[in-house]
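Colleague: Just passing along the structure, written as structure tokens.
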Amino acid sequence: MEQVETLNKIEVCNLQKCYKERRAKKRFHTQCEAQEDCRVLDGLSFSIPAGCFVCFIGPSGCGKSTMFRIISGFERPSGGKVLIDGNQVTGPSNKHVCVFQEDGLFPWFTARQNVAIGLGTNSNEAHVQETVDEYLELVGLAGFGDHYPHELSGGMRRRAEVARALITNPEILFMDEPFGALDFVTRLQMREEMVNVHQMFDMTILFITHDIDEALQLGDRIIMLSDRPSTVAWDMELDFPHPRDLSTSPLKEIRKEIYYKMGLHVAL
Ligand SMILES: Nc1ncnc2c1ncn2[C@@H]1O[C@H](COP(=O)(O)OP(=O)(O)O)[C@@H](O)[C@H]1O
Ligand SMILES: [Mg+2]
């Protein structure tokens with residue numbers, strides 16, 4: 001395959017996605033209704049350098065998860081392409097890992113067994129135990145390895161999922177609203193931990209959130225998508241140290257600008 005010289009880890013080039021509208025059903029076999037297309041992505045283009053923590057925001061249903069499935073290789077675009085390290089994405093890779101909003105732990109495995117899945121089957125038992133314990137400790141789950149998912153809180157289950165993702169040593173970590181279902185305080189703690197994780201591991205993180213403050217606190221960059229059919233509405237670098245205080249300038253003004261751009265004037 002042709003290798004394109006690029007400094008960027010990810011190049012998204014003019015991505016298009018159309019779904020066939022499923023609701024248009026034939027009522028009689030003689031009647032043939034034209035299927036309407038649902039255009040989700042319309043010429044989405046951006047580049048992401050290696051090691052960047054990018055937060056994506058945008059209206060609900062605009063195509064953020066669809067975009068993730070395409071970039072991570074689980075779904076094909078209707079047009080355009082995605083390059084990772086200069087190679088066109090044609091399917092999923094074990095160098096990339098996804099964490100979704102829904103619980104993704106196997107309920108019949110303990111936290112330790114769930115995290116160990118990330119190591120695959122090639123390692124010896126002693127190495128697996130040692131490494132899994134190291135990652136459980138890293139995410140604040142030391143001592144909870146033998147608990148089953150139903151014996152853990154929502155935040156702890158998320159931590160176990162993050163540990164399972166990190167133990168694979170991914171080059172790219174995709175996170176689709178990973179903390180959306182958590183309570184406010186736990187969400188704040190998880191944000192802090194994601195900042196630490198990004199500083200400790202050499203990886204590119206793509207993070208979807210509906211929470212503007214979360215994006216401002218985490219991102220090296222925020223990409224805002226427009227309403228469907230989606231394109232990039234706004235793209236901004238956030239070169240500010242952590243931890244970030246959103247009540248001070250210039251983050252306060254950037255936050256305000258994002259709210260305005262999303263049409264949320266009353267929330268200010
Ligand atoms: N597999 C699918 N088949 C048909 N339509 C889909 C499919 N996946 C997503 N869609 C539609 O694409 C649009 C964008 O969905 P999604 O990517 O989940 O948005 P977001 O993550 O931004 O909320 C929605 O209108 C949704 O109904
Ligand atoms: Mg989504």
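Order determines the names: the first chain of the structure tokens is A, the second B, and so forth; residues in each chain are numbered 1 upward, and ligands are numbered 1 upward as they are shown.
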Please write out the residues within 12 Å of ligand 1 as a PyMOL selection string, counting only C-alpha atoms and all ligand atoms.

Modeller: chain A and resi 16-23+36-42+56-70+74-77+100-101+175-177+207-210+224-231

Colleague: Assign secondary structure with DSSP using the backbone only, and return the residues of range 15-237 of chain A in strand (DSSP E or B) as a PDB file with N, CA and C atoms, in the first residue's frame.

Modeller:
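Produced file result_36.pdb, reproduced below:
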```
ATOM      1  N   LEU A  15     -14.599  13.233   4.819  1.00  0.00           N
ATOM      2  CA  LEU A  15     -15.396  12.051   5.187  1.00  0.00           C
ATOM      3  C   LEU A  15     -16.893  12.286   4.949  1.00  0.00           C
ATOM      4  N   GLN A  16     -17.519  11.322   4.306  1.00  0.00           N
ATOM      5  CA  GLN A  16     -18.962  11.373   4.055  1.00  0.00           C
ATOM      6  C   GLN A  16     -19.587  10.100   4.606  1.00  0.00           C
ATOM      7  N   LYS A  17     -20.787  10.222   5.172  1.00  0.00           N
ATOM      8  CA  LYS A  17     -21.514   9.023   5.566  1.00  0.00           C
ATOM      9  C   LYS A  17     -23.004   9.229   5.373  1.00  0.00           C
ATOM     10  N   CYS A  18     -23.607   8.290   4.681  1.00  0.00           N
ATOM     11  CA  CYS A  18     -25.048   8.297   4.409  1.00  0.00           C
ATOM     12  C   CYS A  18     -25.627   6.981   4.884  1.00  0.00           C
ATOM     13  N   TYR A  19     -26.694   7.019   5.663  1.00  0.00           N
ATOM     14  CA  TYR A  19     -27.400   5.775   6.005  1.00  0.00           C
ATOM     15  C   TYR A  19     -28.699   5.744   5.226  1.00  0.00           C
ATOM     16  N   LYS A  20     -29.100   4.554   4.852  1.00  0.00           N
ATOM     17  CA  LYS A  20     -30.415   4.401   4.222  1.00  0.00           C
ATOM     18  C   LYS A  20     -31.467   4.535   5.311  1.00  0.00           C
ATOM     19  N   ASP A  37     -32.206   9.010   1.991  1.00  0.00           N
ATOM     20  CA  ASP A  37     -30.926   8.837   2.655  1.00  0.00           C
ATOM     21  C   ASP A  37     -30.851   9.724   3.891  1.00  0.00           C
ATOM     22  N   CYS A  38     -30.159   9.225   4.917  1.00  0.00           N
ATOM     23  CA  CYS A  38     -29.898  10.039   6.103  1.00  0.00           C
ATOM     24  C   CYS A  38     -28.420  10.430   6.032  1.00  0.00           C
ATOM     25  N   ARG A  39     -28.198  11.686   5.652  1.00  0.00           N
ATOM     26  CA  ARG A  39     -26.801  12.131   5.511  1.00  0.00           C
ATOM     27  C   ARG A  39     -26.270  12.549   6.877  1.00  0.00           C
ATOM     28  N   VAL A  40     -25.249  11.877   7.331  1.00  0.00           N
ATOM     29  CA  VAL A  40     -24.740  12.129   8.684  1.00  0.00           C
ATOM     30  C   VAL A  40     -23.472  12.987   8.643  1.00  0.00           C
ATOM     31  N   LEU A  41     -22.495  12.572   7.847  1.00  0.00           N
ATOM     32  CA  LEU A  41     -21.252  13.340   7.749  1.00  0.00           C
ATOM     33  C   LEU A  41     -21.127  13.911   6.348  1.00  0.00           C
ATOM     34  N   ASP A  42     -20.722  15.157   6.288  1.00  0.00           N
ATOM     35  CA  ASP A  42     -20.686  15.812   4.984  1.00  0.00           C
ATOM     36  C   ASP A  42     -19.371  16.571   4.794  1.00  0.00           C
ATOM     37  N   GLY A  43     -18.342  15.832   4.423  1.00  0.00           N
ATOM     38  CA  GLY A  43     -17.074  16.493   4.127  1.00  0.00           C
ATOM     39  C   GLY A  43     -16.286  16.854   5.378  1.00  0.00           C
ATOM     40  N   LEU A  44     -16.193  15.898   6.283  1.00  0.00           N
ATOM     41  CA  LEU A  44     -15.470  16.131   7.534  1.00  0.00           C
ATOM     42  C   LEU A  44     -13.968  15.976   7.277  1.00  0.00           C
ATOM     43  N   SER A  45     -13.201  17.026   7.609  1.00  0.00           N
ATOM     44  CA  SER A  45     -11.747  16.956   7.416  1.00  0.00           C
ATOM     45  C   SER A  45     -11.026  17.587   8.606  1.00  0.00           C
ATOM     46  N   PHE A  46     -10.021  16.883   9.124  1.00  0.00           N
ATOM     47  CA  PHE A  46      -9.128  17.466  10.135  1.00  0.00           C
ATOM     48  C   PHE A  46      -7.914  16.554  10.271  1.00  0.00           C
ATOM     49  N   SER A  47      -6.859  17.099  10.879  1.00  0.00           N
ATOM     50  CA  SER A  47      -5.636  16.318  11.125  1.00  0.00           C
ATOM     51  C   SER A  47      -5.331  16.360  12.607  1.00  0.00           C
ATOM     52  N   ILE A  48      -4.801  15.259  13.118  1.00  0.00           N
ATOM     53  CA  ILE A  48      -4.471  15.202  14.541  1.00  0.00           C
ATOM     54  C   ILE A  48      -3.025  14.725  14.701  1.00  0.00           C
ATOM     55  N   PRO A  49      -2.182  15.543  15.309  1.00  0.00           N
ATOM     56  CA  PRO A  49      -0.796  15.105  15.530  1.00  0.00           C
ATOM     57  C   PRO A  49      -0.708  14.033  16.621  1.00  0.00           C
ATOM     58  N   PHE A  53      -4.509  15.258  22.724  1.00  0.00           N
ATOM     59  CA  PHE A  53      -5.758  14.888  23.402  1.00  0.00           C
ATOM     60  C   PHE A  53      -6.844  15.772  22.783  1.00  0.00           C
ATOM     61  N   VAL A  54      -7.643  15.183  21.905  1.00  0.00           N
ATOM     62  CA  VAL A  54      -8.660  15.970  21.190  1.00  0.00           C
ATOM     63  C   VAL A  54     -10.041  15.663  21.738  1.00  0.00           C
ATOM     64  N   CYS A  55     -10.777  16.701  22.094  1.00  0.00           N
ATOM     65  CA  CYS A  55     -12.153  16.514  22.541  1.00  0.00           C
ATOM     66  C   CYS A  55     -13.101  16.936  21.427  1.00  0.00           C
ATOM     67  N   PHE A  56     -14.104  16.104  21.169  1.00  0.00           N
ATOM     68  CA  PHE A  56     -15.119  16.414  20.166  1.00  0.00           C
ATOM     69  C   PHE A  56     -16.420  16.742  20.874  1.00  0.00           C
ATOM     70  N   ILE A  57     -17.000  17.862  20.481  1.00  0.00           N
ATOM     71  CA  ILE A  57     -18.324  18.207  20.992  1.00  0.00           C
ATOM     72  C   ILE A  57     -19.224  18.472  19.781  1.00  0.00           C
ATOM     73  N   GLY A  79     -17.870   8.083   1.616  1.00  0.00           N
ATOM     74  CA  GLY A  79     -16.910   8.800   0.776  1.00  0.00           C
ATOM     75  C   GLY A  79     -15.795   9.343   1.637  1.00  0.00           C
ATOM     76  N   GLY A  80     -14.694   9.725   1.029  1.00  0.00           N
ATOM     77  CA  GLY A  80     -13.544  10.242   1.775  1.00  0.00           C
ATOM     78  C   GLY A  80     -12.743   9.108   2.385  1.00  0.00           C
ATOM     79  N   LYS A  81     -11.726   9.469   3.173  1.00  0.00           N
ATOM     80  CA  LYS A  81     -10.893   8.420   3.762  1.00  0.00           C
ATOM     81  C   LYS A  81     -10.254   8.888   5.070  1.00  0.00           C
ATOM     82  N   VAL A  82      -9.757   7.900   5.806  1.00  0.00           N
ATOM     83  CA  VAL A  82      -9.024   8.179   7.039  1.00  0.00           C
ATOM     84  C   VAL A  82      -7.641   7.549   6.903  1.00  0.00           C
ATOM     85  N   LEU A  83      -6.610   8.335   7.201  1.00  0.00           N
ATOM     86  CA  LEU A  83      -5.255   7.803   7.208  1.00  0.00           C
ATOM     87  C   LEU A  83      -4.744   7.807   8.642  1.00  0.00           C
ATOM     88  N   ILE A  84      -4.158   6.696   9.057  1.00  0.00           N
ATOM     89  CA  ILE A  84      -3.472   6.662  10.351  1.00  0.00           C
ATOM     90  C   ILE A  84      -2.022   6.288  10.070  1.00  0.00           C
ATOM     91  N   ASN A  87      -1.353   5.481   6.494  1.00  0.00           N
ATOM     92  CA  ASN A  87      -1.991   4.329   5.837  1.00  0.00           C
ATOM     93  C   ASN A  87      -3.502   4.423   5.936  1.00  0.00           C
ATOM     94  N   GLN A  88      -4.155   4.110   4.828  1.00  0.00           N
ATOM     95  CA  GLN A  88      -5.618   4.213   4.832  1.00  0.00           C
ATOM     96  C   GLN A  88      -6.236   3.156   5.750  1.00  0.00           C
ATOM     97  N   HIS A  96      -5.327   0.292  18.444  1.00  0.00           N
ATOM     98  CA  HIS A  96      -6.320   1.301  18.824  1.00  0.00           C
ATOM     99  C   HIS A  96      -7.359   0.631  19.718  1.00  0.00           C
ATOM    100  N   VAL A  97      -7.809   1.364  20.727  1.00  0.00           N
ATOM    101  CA  VAL A  97      -8.782   0.748  21.621  1.00  0.00           C
ATOM    102  C   VAL A  97      -9.885   1.755  21.946  1.00  0.00           C
ATOM    103  N   CYS A  98     -11.099   1.227  22.128  1.00  0.00           N
ATOM    104  CA  CYS A  98     -12.269   2.098  22.340  1.00  0.00           C
ATOM    105  C   CYS A  98     -12.871   1.858  23.726  1.00  0.00           C
ATOM    106  N   VAL A  99     -13.281   2.935  24.362  1.00  0.00           N
ATOM    107  CA  VAL A  99     -14.061   2.856  25.605  1.00  0.00           C
ATOM    108  C   VAL A  99     -15.361   3.614  25.346  1.00  0.00           C
ATOM    109  N   ILE A 172      -3.686   4.745  19.955  1.00  0.00           N
ATOM    110  CA  ILE A 172      -4.823   5.680  19.956  1.00  0.00           C
ATOM    111  C   ILE A 172      -5.905   5.134  20.893  1.00  0.00           C
ATOM    112  N   LEU A 173      -6.379   6.007  21.759  1.00  0.00           N
ATOM    113  CA  LEU A 173      -7.475   5.643  22.664  1.00  0.00           C
ATOM    114  C   LEU A 173      -8.707   6.449  22.252  1.00  0.00           C
ATOM    115  N   PHE A 174      -9.762   5.733  21.883  1.00  0.00           N
ATOM    116  CA  PHE A 174     -11.032   6.370  21.520  1.00  0.00           C
ATOM    117  C   PHE A 174     -11.956   6.289  22.725  1.00  0.00           C
ATOM    118  N   MET A 175     -12.510   7.408  23.146  1.00  0.00           N
ATOM    119  CA  MET A 175     -13.442   7.379  24.274  1.00  0.00           C
ATOM    120  C   MET A 175     -14.715   8.127  23.875  1.00  0.00           C
ATOM    121  N   ASP A 176     -15.821   7.394  23.851  1.00  0.00           N
ATOM    122  CA  ASP A 176     -17.089   7.978  23.407  1.00  0.00           C
ATOM    123  C   ASP A 176     -17.984   8.227  24.626  1.00  0.00           C
ATOM    124  N   THR A 204      -2.309   9.059  21.601  1.00  0.00           N
ATOM    125  CA  THR A 204      -3.240  10.052  21.075  1.00  0.00           C
ATOM    126  C   THR A 204      -4.615   9.696  21.636  1.00  0.00           C
ATOM    127  N   ILE A 205      -5.314  10.684  22.168  1.00  0.00           N
ATOM    128  CA  ILE A 205      -6.646  10.387  22.724  1.00  0.00           C
ATOM    129  C   ILE A 205      -7.705  11.177  21.971  1.00  0.00           C
ATOM    130  N   LEU A 206      -8.725  10.463  21.504  1.00  0.00           N
ATOM    131  CA  LEU A 206      -9.890  11.098  20.870  1.00  0.00           C
ATOM    132  C   LEU A 206     -11.063  10.874  21.818  1.00  0.00           C
ATOM    133  N   PHE A 207     -11.689  11.948  22.240  1.00  0.00           N
ATOM    134  CA  PHE A 207     -12.622  11.878  23.366  1.00  0.00           C
ATOM    135  C   PHE A 207     -13.895  12.642  23.001  1.00  0.00           C
ATOM    136  N   ILE A 208     -15.006  11.935  22.927  1.00  0.00           N
ATOM    137  CA  ILE A 208     -16.281  12.613  22.666  1.00  0.00           C
ATOM    138  C   ILE A 208     -16.942  12.935  23.990  1.00  0.00           C
ATOM    139  N   ARG A 221      -7.049  20.242  22.410  1.00  0.00           N
ATOM    140  CA  ARG A 221      -7.759  20.810  21.268  1.00  0.00           C
ATOM    141  C   ARG A 221      -9.230  20.420  21.366  1.00  0.00           C
ATOM    142  N   ILE A 222     -10.111  21.323  20.908  1.00  0.00           N
ATOM    143  CA  ILE A 222     -11.544  21.002  20.862  1.00  0.00           C
ATOM    144  C   ILE A 222     -11.997  21.135  19.413  1.00  0.00           C
ATOM    145  N   ILE A 223     -12.635  20.089  18.917  1.00  0.00           N
ATOM    146  CA  ILE A 223     -13.235  20.174  17.581  1.00  0.00           C
ATOM    147  C   ILE A 223     -14.748  20.096  17.762  1.00  0.00           C
ATOM    148  N   MET A 224     -15.429  21.132  17.295  1.00  0.00           N
ATOM    149  CA  MET A 224     -16.889  21.152  17.407  1.00  0.00           C
ATOM    150  C   MET A 224     -17.505  20.781  16.066  1.00  0.00           C
ATOM    151  N   LEU A 225     -18.420  19.829  16.089  1.00  0.00           N
ATOM    152  CA  LEU A 225     -19.100  19.449  14.848  1.00  0.00           C
ATOM    153  C   LEU A 225     -20.410  20.215  14.742  1.00  0.00           C
ATOM    154  N   SER A 230     -22.965  16.608   9.290  1.00  0.00           N
ATOM    155  CA  SER A 230     -21.921  17.239  10.087  1.00  0.00           C
ATOM    156  C   SER A 230     -20.654  17.578   9.333  1.00  0.00           C
ATOM    157  N   VAL A 232     -16.866  20.204  10.292  1.00  0.00           N
ATOM    158  CA  VAL A 232     -16.208  20.863  11.429  1.00  0.00           C
ATOM    159  C   VAL A 232     -16.731  22.296  11.532  1.00  0.00           C
ATOM    160  N   ALA A 233     -17.347  22.628  12.679  1.00  0.00           N
ATOM    161  CA  ALA A 233     -17.888  23.978  12.861  1.00  0.00           C
ATOM    162  C   ALA A 233     -16.851  24.900  13.490  1.00  0.00           C
ATOM    163  N   TRP A 234     -15.941  24.308  14.251  1.00  0.00           N
ATOM    164  CA  TRP A 234     -14.994  25.121  15.015  1.00  0.00           C
ATOM    165  C   TRP A 234     -13.872  24.210  15.482  1.00  0.00           C
ATOM    166  N   ASP A 235     -12.664  24.710  15.449  1.00  0.00           N
ATOM    167  CA  ASP A 235     -11.503  23.872  15.782  1.00  0.00           C
ATOM    168  C   ASP A 235     -10.528  24.769  16.534  1.00  0.00           C
ATOM    169  N   MET A 236     -10.262  24.431  17.798  1.00  0.00           N
ATOM    170  CA  MET A 236      -9.466  25.344  18.609  1.00  0.00           C
ATOM    171  C   MET A 236      -8.425  24.610  19.449  1.00  0.00           C
ATOM    172  N   GLU A 237      -7.201  25.133  19.452  1.00  0.00           N
ATOM    173  CA  GLU A 237      -6.162  24.555  20.307  1.00  0.00           C
ATOM    174  C   GLU A 237      -6.239  25.176  21.694  1.00  0.00           C
TER     175      GLU A 237
END
```

Colleague: Go ahead and compute the interatomic distance for CA of Arg255 in chain A and CA of Leu216 in chain A, in Å to one decimal.

Modeller: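 Separation between CA of Arg255 in chain A and CA of Leu216 in chain A: 7.4 Å.
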
Colleague: Choose the residue, out of A:Glu161, A:Asp85, A:Glu151, A:Asp211, that has the smallest atom-to-atom separation from Ile117 in chain A; count only C-alpha atoms.

Modeller: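 Among the listed residues, the smallest separation from Ile117 in chain A belongs to A:Glu161.
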
Colleague: Ranking A:Tyr148, A:Leu264, A:Val115, A:Glu171 by minimum distance to Ile10 in chain A and counting only C-alpha atoms, which one comes first?

Modeller: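 For Ile10 in chain A, the nearest of the given residues is A:Glu171.
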
Colleague: Would you kindly return, as a PyMOL selection string, each protein, DNA or RNA residue with an atom no farther than 9 Å from any atom of range 134-142 of chain A, considering only C-alpha atoms and excluding same-chain residues fewer than 6 positions away?

Modeller: chain A and resi 111-112+115+156+159-160+162-164+166-167+193+197

Colleague: I need the residues from that last selection saved to file as a tab-separated table (two decimals), in the first residue's frame (with N, CA and C atoms), if you can.

Modeller:
```
chain	number	residue	atom	x	y	z
A	111	ALA	N	-12.92	-8.00	38.18
A	111	ALA	CA	-12.22	-6.83	37.63
A	111	ALA	C	-10.86	-7.28	37.09
A	112	ARG	N	-10.15	-8.12	37.87
A	112	ARG	CA	-8.82	-8.58	37.46
A	112	ARG	C	-8.89	-9.35	36.13
A	115	VAL	N	-9.58	-6.98	33.22
A	115	VAL	CA	-8.41	-6.19	32.81
A	115	VAL	C	-7.40	-7.09	32.09
A	156	MET	N	-16.01	2.92	39.55
A	156	MET	CA	-15.00	1.85	39.61
A	156	MET	C	-15.05	0.99	38.35
A	159	ARG	N	-13.21	2.78	35.78
A	159	ARG	CA	-11.76	2.69	36.01
A	159	ARG	C	-11.23	1.36	35.50
A	160	ALA	N	-11.99	0.29	35.77
A	160	ALA	CA	-11.54	-1.03	35.30
A	160	ALA	C	-11.48	-1.04	33.77
A	162	VAL	N	-10.95	1.55	31.84
A	162	VAL	CA	-9.79	2.36	31.43
A	162	VAL	C	-8.52	1.52	31.60
A	163	ALA	N	-8.43	0.77	32.71
A	163	ALA	CA	-7.25	-0.09	32.93
A	163	ALA	C	-7.15	-1.14	31.82
A	164	ARG	N	-8.27	-1.73	31.44
A	164	ARG	CA	-8.25	-2.76	30.38
A	164	ARG	C	-7.80	-2.16	29.06
A	166	LEU	N	-5.81	0.63	28.78
A	166	LEU	CA	-4.41	1.09	28.89
A	166	LEU	C	-3.43	-0.07	28.85
A	167	ILE	N	-3.84	-1.22	29.38
A	167	ILE	CA	-2.92	-2.35	29.48
A	167	ILE	C	-2.53	-2.87	28.08
A	193	GLU	N	-8.01	12.10	36.44
A	193	GLU	CA	-7.21	10.90	36.17
A	193	GLU	C	-6.88	10.77	34.69
A	197	VAL	N	-3.29	10.22	33.08
A	197	VAL	CA	-3.06	9.11	32.14
A	197	VAL	C	-2.41	9.64	30.86
```

Colleague: So that I can check the secondary structure, give me every residue of range 29-237 of chain A assigned helix (DSSP H, G or I) by backbone DSSP, as a PyMOL selection string.

Modeller: chain A and resi 64-71+111-117+125-138+149-151+154-166+184-200+212-218

Colleague: Using only C-alpha atoms, which residues sit within 10 Å of Val195 in chain A once same-chain residues fewer than 2 positions away are excluded, as number ranges by chain?

Modeller: A: 53, 190-193, 197-200, 217-219, 242-243

Colleague: From the options A:Phe109, A:Glu102, A:Tyr260, A:Thr121, which residue's atoms come nearest to ligand 2, counting only C-alpha atoms and all ligand atoms?

Modeller: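 For ligand 2, the nearest of the given residues is A:Glu102.
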
Colleague: Between A:Pro149, A:Gly155, A:Gly180, A:Pro92, which has the minimum distance to ligand 2 (counting only C-alpha atoms and all ligand atoms)?

Modeller: A:Gly180

Colleague: Find the residues around Phe240 in chain A up to 9 Å (only C-alpha atoms counted), leave out those fewer than 3 positions away in its own chain, and share them as a VMD selection string.

Modeller: chain A and resid 220 243 to 244 251

Colleague: Go ahead and write the residues just picked, C-alpha atoms, as a CSV table (one decimal), in the first residue's frame.

Modeller:
```csv
chain,number,residue,atom,x,y,z
A,220,ASP,CA,-5.2,20.0,23.9
A,243,PRO,CA,-5.3,21.7,36.3
A,244,ARG,CA,-7.4,24.3,34.6
A,251,LEU,CA,-10.8,29.8,29.4
```

Colleague: Report, in Å to a single decimal, how far apart CA of Arg187 in chain A and CA of Lys261 in chain A are.

Modeller: 24.5 Å
